[in-house]
>>> print(open('input-v7.cif').read())   # mmCIF, C-alpha atoms and all ligand atoms
data_run
#
loop_
_atom_site.label_atom_id
_atom_site.label_comp_id
_atom_site.auth_asym_id
_atom_site.auth_seq_id
_atom_site.Cartn_x
_atom_site.Cartn_y
_atom_site.Cartn_z
CA MET D 1 68.27 -6.22 -32.67
CA PRO D 2 67.59 -9.88 -33.54
CA TRP D 3 66.40 -11.80 -30.51
CA ARG D 4 68.58 -14.68 -29.31
CA PRO D 5 66.23 -17.07 -27.52
CA ASP D 6 69.15 -19.24 -26.33
CA ALA D 7 71.00 -16.48 -24.50
CA PRO D 8 70.75 -16.09 -20.72
CA VAL D 9 69.22 -12.90 -19.37
CA ASN D 10 71.45 -9.86 -19.69
CA THR D 11 71.96 -8.85 -16.04
CA ALA D 12 72.93 -5.28 -16.93
CA GLU D 13 69.57 -4.83 -18.64
CA ALA D 14 67.83 -6.46 -15.68
CA ALA D 15 69.58 -4.14 -13.20
CA GLU D 16 68.78 -1.05 -15.26
CA PHE D 17 65.12 -2.03 -15.35
CA LEU D 18 65.01 -2.77 -11.61
CA ARG D 19 66.56 0.62 -10.86
CA GLN D 20 63.86 2.28 -12.93
CA VAL D 21 61.05 0.34 -11.22
CA HIS D 22 62.36 1.17 -7.76
CA ALA D 23 63.01 4.83 -8.61
CA ASP D 24 59.44 5.26 -9.87
CA ASN D 25 57.84 3.18 -7.08
CA PRO D 26 59.43 4.42 -3.86
CA GLY D 27 57.37 2.00 -1.75
CA LEU D 28 59.51 -0.86 -3.05
CA GLY D 29 62.52 0.23 -1.01
CA PRO D 30 66.21 0.10 -1.94
CA VAL D 31 67.02 -1.74 -5.14
CA ALA D 32 70.42 -3.24 -4.26
CA HIS D 33 68.98 -6.27 -2.53
CA ARG D 34 66.66 -7.05 -5.43
CA ILE D 35 69.48 -6.71 -7.98
CA ALA D 36 71.66 -9.14 -6.01
CA GLU D 37 68.77 -11.59 -5.81
CA VAL D 38 68.14 -11.38 -9.57
CA GLU D 39 71.83 -11.79 -10.39
CA ALA D 40 71.98 -14.93 -8.28
CA GLU D 41 68.86 -16.32 -9.93
CA VAL D 42 70.23 -15.61 -13.42
CA ALA D 43 73.55 -17.24 -12.51
CA ALA D 44 71.72 -20.38 -11.39
CA THR D 45 68.99 -20.65 -14.03
CA GLY D 46 69.79 -18.28 -16.90
CA THR D 47 66.70 -16.20 -16.15
CA TYR D 48 64.66 -14.72 -13.28
CA THR D 49 61.05 -14.30 -12.26
CA HIS D 50 59.46 -10.86 -12.18
CA THR D 51 57.42 -9.86 -9.16
CA SER D 52 53.92 -8.82 -10.08
CA THR D 53 54.84 -5.13 -9.56
CA GLU D 54 57.79 -5.52 -11.93
CA LEU D 55 55.62 -7.27 -14.50
CA THR D 56 52.86 -4.67 -14.33
CA TYR D 57 55.12 -1.64 -14.37
CA GLY D 58 57.36 -3.20 -17.04
CA ALA D 59 54.39 -3.72 -19.36
CA LYS D 60 53.32 -0.10 -18.90
CA LEU D 61 56.85 1.10 -19.66
CA ALA D 62 56.91 -1.06 -22.80
CA TRP D 63 53.84 0.79 -24.00
CA ARG D 64 55.31 4.18 -23.05
CA ASN D 65 58.44 3.34 -25.05
CA SER D 66 56.59 2.25 -28.23
CA SER D 67 57.73 4.84 -30.72
CA ARG D 68 55.02 4.04 -33.28
CA CYS D 69 52.07 4.51 -30.91
CA ILE D 70 50.24 7.84 -30.87
CA GLY D 71 48.04 6.79 -27.92
CA ARG D 72 50.72 6.68 -25.22
CA LEU D 73 49.16 9.38 -23.07
CA TYR D 74 47.19 6.58 -21.43
CA TRP D 75 50.18 4.32 -20.66
CA HIS D 76 49.45 4.35 -16.94
CA SER D 77 45.94 2.96 -17.35
CA LEU D 78 47.02 -0.36 -18.88
CA VAL D 79 45.26 -3.34 -17.26
CA VAL D 80 47.85 -6.10 -16.81
CA ARG D 81 46.64 -9.70 -16.61
CA ASP D 82 49.25 -12.06 -15.20
CA CYS D 83 48.75 -15.34 -17.11
CA ARG D 84 52.25 -16.70 -16.53
CA HIS D 85 50.93 -19.89 -14.93
CA VAL D 86 48.78 -20.79 -17.97
CA THR D 87 50.55 -23.21 -20.34
CA ALA D 88 48.08 -25.67 -21.94
CA ALA D 89 46.81 -24.60 -25.38
CA ASP D 90 43.11 -24.78 -24.49
CA GLU D 91 43.67 -22.82 -21.28
CA ILE D 92 45.65 -20.20 -23.18
CA PHE D 93 42.75 -19.89 -25.59
CA THR D 94 40.29 -19.51 -22.69
CA GLU D 95 42.42 -16.62 -21.39
CA LEU D 96 42.52 -15.00 -24.84
CA VAL D 97 38.72 -15.05 -24.91
CA GLU D 98 38.68 -13.59 -21.41
CA HIS D 99 41.13 -10.90 -22.56
CA LEU D 100 38.70 -9.83 -25.28
CA ARG D 101 35.85 -9.79 -22.76
CA VAL D 102 37.78 -7.60 -20.31
CA ALA D 103 39.03 -5.33 -23.13
CA GLY D 104 35.69 -4.71 -24.81
CA ASP D 105 32.47 -4.76 -22.87
CA ARG D 106 29.48 -4.21 -25.17
CA ASN D 107 27.01 -3.92 -22.31
CA ARG D 108 29.00 -1.28 -20.47
CA ARG D 109 29.92 0.28 -23.83
CA ALA D 110 33.54 0.36 -22.70
CA ILE D 111 36.93 -0.46 -24.21
CA ARG D 112 40.02 -0.47 -22.05
CA PRO D 113 43.68 -1.13 -22.76
CA VAL D 114 44.60 -4.63 -21.58
CA ILE D 115 47.66 -6.90 -21.83
CA SER D 116 47.68 -10.61 -20.95
CA ILE D 117 51.17 -11.85 -20.22
CA PHE D 118 51.84 -15.59 -20.58
CA GLY D 119 54.98 -17.47 -19.56
CA PRO D 120 58.40 -16.01 -20.42
CA ALA D 121 60.81 -17.74 -22.78
CA ALA D 122 63.47 -19.55 -20.75
CA PRO D 123 66.85 -19.63 -22.54
CA GLY D 124 66.98 -22.46 -25.08
CA ARG D 125 63.53 -23.80 -24.19
CA PRO D 126 60.52 -23.93 -26.52
CA PHE D 127 57.73 -21.47 -25.71
CA ALA D 128 54.07 -20.91 -26.39
CA ARG D 129 52.94 -18.41 -29.02
CA VAL D 130 49.97 -17.28 -31.06
CA TRP D 131 50.52 -17.18 -34.81
CA ASN D 132 47.85 -14.58 -35.60
CA GLU D 133 48.90 -10.95 -35.92
CA GLN D 134 45.81 -9.90 -33.96
CA LEU D 135 43.27 -11.89 -31.97
CA VAL D 136 40.50 -10.66 -34.27
CA ARG D 137 41.11 -10.41 -38.02
CA TYR D 138 39.12 -11.16 -41.15
CA ALA D 139 39.75 -14.02 -43.58
CA GLY D 140 40.58 -13.46 -47.24
CA TYR D 141 39.57 -15.85 -50.04
CA VAL D 142 40.81 -15.75 -53.62
CA ARG D 143 37.85 -16.06 -56.03
CA ALA D 144 38.00 -17.96 -59.31
CA ASP D 145 38.61 -14.71 -61.23
CA GLY D 146 41.62 -13.87 -59.03
CA THR D 147 39.90 -11.12 -57.03
CA VAL D 148 39.75 -11.43 -53.24
CA LEU D 149 36.71 -11.72 -50.97
CA GLY D 150 37.52 -10.39 -47.50
CA ASP D 151 40.89 -9.05 -46.35
CA PRO D 152 43.64 -9.69 -48.92
CA ARG D 153 46.25 -9.34 -46.16
CA TYR D 154 45.15 -12.68 -44.72
CA VAL D 155 44.72 -14.79 -47.86
CA ASP D 156 47.74 -17.01 -47.11
CA PHE D 157 46.89 -17.30 -43.42
CA THR D 158 43.32 -18.24 -44.39
CA THR D 159 44.51 -20.91 -46.83
CA ALA D 160 46.77 -22.36 -44.13
CA VAL D 161 44.01 -22.61 -41.49
CA VAL D 162 41.61 -24.09 -44.07
CA GLU D 163 44.25 -26.79 -44.69
CA ARG D 164 44.15 -27.44 -40.95
CA GLY D 165 40.41 -28.06 -41.16
CA TRP D 166 38.87 -24.63 -40.52
CA ARG D 167 35.82 -23.67 -42.58
CA GLY D 168 34.76 -20.02 -42.87
CA LYS D 169 31.34 -18.89 -44.03
CA GLY D 170 32.90 -17.56 -47.21
CA GLU D 171 31.87 -13.96 -46.55
CA ALA D 172 33.75 -10.64 -46.55
CA PHE D 173 34.03 -10.41 -42.76
CA ASP D 174 34.69 -13.95 -41.49
CA VAL D 175 36.58 -13.81 -38.20
CA LEU D 176 39.68 -16.01 -38.49
CA PRO D 177 40.36 -18.72 -35.90
CA VAL D 178 43.22 -18.32 -33.44
CA VAL D 179 46.27 -20.54 -33.91
CA VAL D 180 47.94 -21.38 -30.59
CA GLN D 181 51.26 -23.24 -30.53
CA THR D 182 52.64 -24.70 -27.31
CA PRO D 183 55.52 -27.10 -26.58
CA ALA D 184 53.16 -29.72 -25.13
CA ASP D 185 50.17 -29.44 -27.48
CA GLY D 186 51.79 -28.51 -30.80
CA VAL D 187 49.69 -26.37 -33.14
CA ARG D 188 45.98 -26.00 -32.31
CA VAL D 189 43.29 -24.02 -34.09
CA PHE D 190 40.48 -22.41 -32.05
CA GLU D 191 37.34 -20.67 -33.25
CA LEU D 192 36.45 -17.53 -31.29
CA PRO D 193 32.89 -17.59 -29.89
CA ASP D 194 30.66 -14.86 -31.39
CA ALA D 195 30.19 -13.34 -27.94
CA ALA D 196 33.95 -12.66 -27.70
CA VAL D 197 34.07 -10.59 -30.88
CA TRP D 198 32.55 -7.12 -30.69
CA GLU D 199 31.85 -5.90 -34.21
CA VAL D 200 30.40 -2.61 -35.39
CA PRO D 201 28.29 -2.46 -38.58
CA LEU D 202 29.20 0.68 -40.52
CA VAL D 203 26.60 3.27 -41.46
CA HIS D 204 26.95 6.91 -42.46
CA PRO D 205 25.26 9.88 -40.74
CA GLU D 206 23.92 11.29 -44.05
CA LEU D 207 24.37 8.75 -46.81
CA PRO D 208 21.70 6.05 -46.40
CA TRP D 209 23.17 3.81 -49.12
CA PHE D 210 26.38 3.43 -47.11
CA ALA D 211 24.78 0.73 -44.92
CA ASP D 212 24.15 -1.39 -48.05
CA LEU D 213 27.90 -1.73 -48.60
CA GLY D 214 27.71 -4.26 -45.76
CA LEU D 215 30.91 -3.02 -44.12
CA ARG D 216 31.78 -3.72 -40.51
CA TRP D 217 34.88 -3.74 -38.32
CA HIS D 218 35.89 -5.27 -35.01
CA ALA D 219 35.98 -2.92 -32.03
CA VAL D 220 39.15 -4.15 -30.31
CA PRO D 221 42.58 -4.12 -32.00
CA ALA D 222 44.57 -6.76 -30.06
CA ILE D 223 48.11 -7.34 -31.33
CA SER D 224 49.07 -10.93 -30.53
CA ASN D 225 52.45 -11.63 -32.13
CA MET D 226 54.83 -9.08 -30.66
CA ARG D 227 57.38 -10.10 -28.05
CA LEU D 228 57.31 -8.11 -24.84
CA THR D 229 60.75 -7.65 -23.33
CA ILE D 230 61.11 -6.48 -19.72
CA GLY D 231 64.44 -6.23 -17.89
CA GLY D 232 66.07 -8.80 -20.20
CA VAL D 233 63.20 -11.31 -19.91
CA ASP D 234 61.22 -12.06 -23.06
CA TYR D 235 57.49 -12.80 -23.18
CA PRO D 236 56.72 -14.10 -26.67
CA LEU D 237 52.99 -14.36 -25.88
CA ALA D 238 51.68 -11.10 -24.46
CA PRO D 239 48.69 -9.92 -26.51
CA PHE D 240 47.73 -6.29 -25.88
CA ASN D 241 45.07 -3.89 -27.04
CA GLY D 242 44.07 -0.26 -26.92
CA TRP D 243 41.14 1.24 -28.73
CA TYR D 244 41.04 2.24 -32.38
CA LEU D 245 41.99 5.49 -33.98
CA GLY D 246 39.36 5.93 -36.72
CA THR D 247 41.88 6.36 -39.54
CA GLU D 248 43.36 2.89 -38.90
CA ILE D 249 40.07 1.49 -40.17
CA GLY D 250 38.74 4.21 -42.47
CA ALA D 251 41.99 5.29 -44.11
CA ARG D 252 43.94 2.01 -44.08
CA ASN D 253 42.11 -1.29 -43.41
CA LEU D 254 39.07 -0.45 -45.54
CA ALA D 255 40.86 1.92 -47.89
CA ASP D 256 44.29 0.62 -48.86
CA PRO D 257 44.35 -0.80 -52.39
CA ASP D 258 45.84 -4.03 -51.03
CA ARG D 259 43.26 -4.28 -48.24
CA PHE D 260 39.48 -3.80 -48.64
CA ASN D 261 40.03 -1.14 -51.33
CA MET D 262 36.70 0.60 -50.74
CA VAL D 263 37.68 4.09 -51.95
CA PRO D 264 36.65 3.64 -55.62
CA ILE D 265 33.40 1.96 -54.58
CA VAL D 266 32.48 4.72 -52.13
CA ALA D 267 33.44 7.39 -54.69
CA LYS D 268 31.21 5.86 -57.38
CA ALA D 269 28.31 5.57 -54.94
CA MET D 270 28.81 9.24 -54.06
CA GLY D 271 28.54 10.06 -57.77
CA LEU D 272 32.02 11.56 -57.93
CA ASP D 273 33.95 11.97 -61.17
CA THR D 274 36.58 9.23 -60.95
CA SER D 275 37.87 9.91 -64.48
CA THR D 276 40.20 12.65 -63.26
CA GLU D 277 42.38 13.07 -60.20
CA ARG D 278 41.43 16.76 -60.18
CA SER D 279 38.03 16.01 -58.68
CA LEU D 280 39.86 14.77 -55.58
CA TRP D 281 37.42 11.85 -55.55
CA ARG D 282 39.85 9.74 -53.51
CA ASP D 283 40.15 12.37 -50.79
CA ARG D 284 36.39 13.03 -50.68
CA ALA D 285 35.55 9.32 -50.50
CA LEU D 286 38.17 8.80 -47.79
CA VAL D 287 36.65 11.54 -45.67
CA GLU D 288 33.14 10.02 -45.86
CA LEU D 289 34.49 6.53 -45.16
CA ASN D 290 36.20 7.90 -42.04
CA ARG D 291 33.08 9.77 -40.95
CA ALA D 292 31.12 6.52 -41.22
CA VAL D 293 33.66 4.70 -39.02
CA LEU D 294 33.60 7.36 -36.26
CA TRP D 295 29.82 7.80 -36.39
CA SER D 296 29.14 4.05 -36.27
CA PHE D 297 31.58 3.34 -33.43
CA ASP D 298 30.15 6.27 -31.44
CA ARG D 299 26.60 4.96 -31.95
CA ALA D 300 27.67 1.47 -30.83
CA GLY D 301 29.41 2.82 -27.72
CA ALA D 302 32.72 1.42 -28.95
CA ARG D 303 35.43 3.84 -27.85
CA ILE D 304 37.34 5.28 -30.78
CA SER D 305 39.57 8.32 -31.26
CA ASP D 306 39.70 10.75 -34.14
CA HIS D 307 43.07 11.83 -35.47
CA HIS D 308 42.68 15.51 -34.55
CA THR D 309 41.95 14.85 -30.87
CA GLU D 310 44.49 12.05 -30.55
CA SER D 311 47.21 14.18 -32.17
CA ARG D 312 46.63 16.90 -29.57
CA HIS D 313 46.75 14.30 -26.80
CA PHE D 314 50.04 13.01 -28.12
CA ILE D 315 51.54 16.50 -28.11
CA SER D 316 50.36 16.90 -24.47
CA HIS D 317 51.98 13.56 -23.69
CA CYS D 318 55.28 14.73 -25.22
CA THR D 319 55.12 17.97 -23.22
CA ARG D 320 54.30 16.17 -19.99
CA GLU D 321 57.04 13.58 -20.48
CA GLU D 322 59.68 16.11 -21.46
CA ARG D 323 58.79 18.16 -18.39
CA ALA D 324 59.41 15.03 -16.31
CA GLY D 325 62.84 14.80 -17.93
CA ARG D 326 61.96 11.86 -20.17
CA PRO D 327 62.48 12.07 -23.91
CA VAL D 328 59.69 10.55 -26.03
CA PRO D 329 60.95 8.30 -28.81
CA ALA D 330 58.60 8.59 -31.77
CA ASP D 331 58.46 7.50 -35.41
CA TRP D 332 57.07 10.34 -37.52
CA THR D 333 55.95 7.97 -40.28
CA TRP D 334 53.69 6.12 -37.86
CA ILE D 335 52.58 8.98 -35.62
CA VAL D 336 51.28 11.25 -38.40
CA PRO D 337 47.80 10.09 -39.46
CA PRO D 338 47.26 8.79 -43.01
CA ILE D 339 44.72 11.50 -43.87
CA SER D 340 44.92 15.25 -43.24
CA GLY D 341 48.38 14.92 -41.70
CA GLY D 342 49.18 18.61 -42.02
CA ALA D 343 45.89 19.52 -40.31
CA THR D 344 47.15 17.85 -37.11
CA PRO D 345 49.84 19.22 -34.79
CA VAL D 346 51.91 16.00 -34.84
CA PHE D 347 52.88 16.72 -38.47
CA HIS D 348 54.68 19.96 -37.74
CA ARG D 349 57.65 18.73 -35.79
CA TYR D 350 60.34 16.10 -35.77
CA TYR D 351 60.88 13.37 -33.22
CA GLU D 352 63.83 11.47 -31.84
CA GLU D 353 63.86 7.75 -32.49
CA PHE D 354 65.62 5.39 -30.13
CA ASP D 355 65.24 1.93 -28.74
CA LEU D 356 64.21 2.16 -25.09
CA ARG D 357 63.39 -0.95 -23.10
CA PRO D 358 61.07 -2.40 -21.90
CA ASN D 359 59.43 -2.57 -25.33
CA PHE D 360 57.55 -4.68 -27.86
CA TYR D 361 59.29 -6.23 -30.86
CA LEU D 362 58.04 -7.98 -33.95
CA ASP D 363 60.47 -10.81 -34.70
CA ALA D 364 60.96 -11.99 -38.28
CA GLU D 365 59.69 -15.45 -37.41
CA ALA D 366 56.53 -14.07 -35.79
CA ALA D 367 55.90 -11.85 -38.82
CA THR D 368 56.25 -14.82 -41.18
CA LEU D 369 53.93 -17.01 -39.11
CA ALA D 370 51.30 -14.27 -39.13
CA SER D 371 51.45 -13.64 -42.85
CA THR D 372 51.75 -17.25 -44.04
CA GLY D 373 50.09 -19.27 -41.27
CA ARG D 374 52.90 -21.80 -41.69
CA PRO D 375 55.88 -22.72 -39.53
CA VAL D 376 59.17 -21.17 -40.42
CA LEU D 377 62.02 -23.41 -41.52
CA ALA D 378 65.52 -22.31 -42.24
CA ARG D 379 66.59 -22.34 -45.86
CA PRO D 380 68.24 -25.67 -46.54
CA ALA D 381 72.02 -25.33 -46.23
CA PRO D 382 73.78 -25.58 -49.60
CA ARG D 383 74.67 -29.21 -50.25
CA PRO D 384 78.33 -30.04 -49.83
CA SER D 385 79.97 -30.79 -53.15
CA PRO D 386 80.21 -34.57 -53.60
CA ARG D 387 83.94 -34.36 -54.20
CA LEU D 388 84.64 -32.68 -50.88
CA PRO D 389 84.80 -34.71 -47.71
CA GLN D 390 81.56 -34.63 -45.71
CA GLN D 391 81.49 -31.78 -43.22
CA HIS D 392 80.22 -32.56 -39.80
CA GLY D 393 78.49 -30.44 -37.24
CA ARG D 394 77.41 -27.94 -39.85
CA GLY D 395 74.23 -26.09 -39.16
CA SER D 396 74.12 -27.35 -35.61
CA HIS D 397 73.40 -23.88 -34.31
CA GLY D 398 71.11 -23.04 -37.22
CA PRO D 399 67.51 -22.16 -36.65
CA ALA D 400 66.23 -25.33 -38.38
CA ASN D 401 63.67 -26.94 -36.09
CA ALA D 402 64.29 -24.09 -33.69
CA HIS D 403 60.60 -24.17 -33.09
CA PRO D 404 58.64 -27.13 -31.75
CA GLY D 405 56.31 -28.71 -34.24
CA ALA D 406 58.02 -26.96 -37.11
CA HIS D 407 58.59 -30.27 -38.82
CA ASN D 408 55.07 -31.65 -38.72
CA HIS D 409 53.40 -29.38 -41.21
CA PRO D 410 53.14 -30.50 -44.82
CA GLN D 411 54.06 -27.19 -46.45
CA PRO D 412 56.62 -25.26 -44.47
CA ALA D 413 57.25 -21.67 -45.38
CA ILE D 414 60.75 -20.47 -46.02
CA CYS D 415 61.47 -17.39 -44.01
CA PRO D 416 62.52 -14.90 -46.66
CA ASN D 417 64.53 -12.57 -44.48
CA HIS D 418 66.08 -14.01 -41.37
CA GLY D 419 66.54 -11.35 -38.77
CA ALA D 420 65.24 -8.44 -40.79
CA VAL D 421 61.71 -7.29 -40.19
CA PRO D 422 60.24 -5.87 -43.39
CA THR D 423 59.34 -2.21 -43.09
CA PRO D 424 55.57 -2.23 -43.00
CA ARG D 425 55.25 1.20 -44.50
CA LEU D 426 57.60 3.31 -46.56
CA PRO D 427 58.56 6.55 -44.87
CA LEU D 428 56.65 9.11 -46.86
CA ARG D 429 58.65 11.94 -45.42
CA PRO D 430 62.06 11.55 -43.82
CA ALA D 431 62.29 12.04 -40.09
CA TYR D 432 65.81 13.36 -40.64
CA PRO D 433 67.64 15.63 -41.15
CA ARG D 434 66.27 17.52 -38.22
CA THR D 435 66.13 21.27 -38.60
CA SER D 436 69.72 22.28 -38.05
CA VAL D 437 69.01 25.70 -36.59
N1 LIG P 1 46.48 -0.68 -37.19
C1 LIG P 1 46.01 -1.91 -36.60
C2 LIG P 1 44.64 -2.26 -37.14
O1 LIG P 1 44.11 -1.51 -37.91
C3 LIG P 1 45.95 -1.84 -35.09
C4 LIG P 1 47.23 -1.42 -34.40
C5 LIG P 1 47.03 -1.02 -32.97
N2 LIG P 1 46.09 0.07 -32.87
C6 LIG P 1 45.62 0.59 -31.73
N3 LIG P 1 44.75 1.56 -31.81
N4 LIG P 1 46.00 0.13 -30.57
O2 LIG P 1 44.03 -3.22 -36.81
#
>>> encode(input="input-v7.cif", output="structure tokens", more="lines below")
Ligand code: ARG
Amino acid sequence: MPWRPDAPVNTAEAAEFLRQVHADNPGLGPVAHRIAEVEAEVAATGTYTHTSTELTYGAKLAWRNSSRCIGRLYWHSLVVRDCRHVTAADEIFTELVEHLRVAGDRNRRAIRPVISIFGPAAPGRPFARVWNEQLVRYAGYVRADGTVLGDPRYVDFTTAVVERGWRGKGEAFDVLPVVVQTPADGVRVFELPDAAVWEVPLVHPELPWFADLGLRWHAVPAISNMRLTIGGVDYPLAPFNGWYLGTEIGARNLADPDRFNMVPIVAKAMGLDTSTERSLWRDRALVELNRAVLWSFDRAGARISDHHTESRHFISHCTREERAGRPVPADWTWIVPPISGGATPVFHRYYEEFDLRPNFYLDAEAATLASTGRPVLARPAPRPSPRLPQQHGRGSHGPANAHPGAHNHPQPAICPNHGAVPTPRLPLRPAYPRTSV
């Protein structure tokens, strides 16, 4: 479903959303009047303005419809911050810092799910966005010998912000700056204040040497480059967070070979035999890495789930939703945890996958900005052959310069796959065919 930022709001989608909001919130009264009002507004302007109830409930529904999220039991508790009036880059950044403060409160030892929703995209008009994939992420630097210090996932993004004048400390856990792009201010780079970034140093309950690895992770995962769509209206800047599931850090971020790749290091420090797979050194090291994450977050008062408990909660959520007559779209390959899958109840069933709105989408352009830190330009159109007459008007609807400021960066990235979002993870086990009996 590639997004068409030039298209007016689809009034059928708007009406369907409004019917859902009014059905679930009886205090709002009959929906017919509101639908007529929205249709008139769309006819006049191409879009419409959500009431604050619509915005709040729409954001909660978008979470409930997110088929990759195991934590949806809590969809109702989402704190929605209406930032639609905030447009200047520095004010947007101030709100992002405030978001992190509301989401993670070290003193109260609390993390709560929060979304901050900035202005919607009006058809054909430029909009504000954040380039970063998450508000808090760690830089990656390529060393002279080709190895990487920090998070290899962000090497290109780091290089791009360094070219824009940012200087990191040159350590393994340097928090990246936030890149904010607005129609009026262009591209601006902001450094997060230390107080805004809650980090947890990782120690192990029984292995004293673990602390010397110098590992840490940030407490709040805040996705900042997905587009929120509610009732046909798109919000390209709507950063949201929940709290972590331990395996995201201990079995992926710190463990994946193309991320911090700590499994061999932990295994060696544990004295395991890494010369043979039969010692299951990878599995044993993964378990201790994950224990360290859970233990350290618990000690710091940073809310975190473990995959056993969260899997049970997800099954309760499915039961509760199905009882209410609502199917739960879910993606098996994302719901099942990356360690001990079969030891959790979410493994032992199949799920339906379908695209329910409201929802969150990762657009190809947003994905490219987050991985390269550079504006996306269309591939140059093939040059007309000199013997043919010059063609006019070609490429006039193309995405070249579709984005403000795209032309003023020295090294534009070429978007490798217009429209298609790369699958972030290969399905390890097919979700289909479903059991046919
Ligand atoms: N997997 C991502 C990370 O490790 C975070 C995705 C959202 N996770 C969450 N618990 N809300 O940073």
>>> residues_near_ligand(input="input-v7.cif", ligand="ligand LIG 1 (chain P)", cutoff="10 Å", atoms="all atoms listed in the file", output="PyMOL selection string")
chain D and resi 68-72+113+133-137+217-223+240-254+304-305+334
>>> closest_residue(input="input-v7.cif", among="D:Pro327, D:Pro264, D:Pro345, D:Gly186", to="Thr87 (chain D)", atoms="all atoms listed in the file")
D:Gly186
>>> atom_distance(input="input-v7.cif", atom1="CA of Arg164 (chain D)", atom2="CA of Ile92 (chain D)")
19.2 Å
>>> residues_around(input="input-v7.cif", residues="Thr47 (chain D)", least_positions_apart="5", cutoff="8 Å", atoms="only C-alpha atoms", output="MDAnalysis selection string")
chainID D and resid 8:9 41:42 122:123 233
>>> closest_residue(input="input-v7.cif", among="D:Tyr138, D:Phe118, D:Phe360, D:Phe210", to="Ala59 (chain D)", atoms="only C-alpha atoms")
D:Phe360
>>> closest_residue(input="input-v7.cif", among="D:Arg349, D:Arg153, D:His85, D:Arg216", to="Ala172 (chain D)", atoms="all atoms listed in the file")
D:Arg216
>>> closest_residue(input="input-v7.cif", among="D:Thr319, D:Asn10, D:Ser340, D:Asn225", to="Leu362 (chain D)", atoms="all atoms listed in the file")
D:Asn225
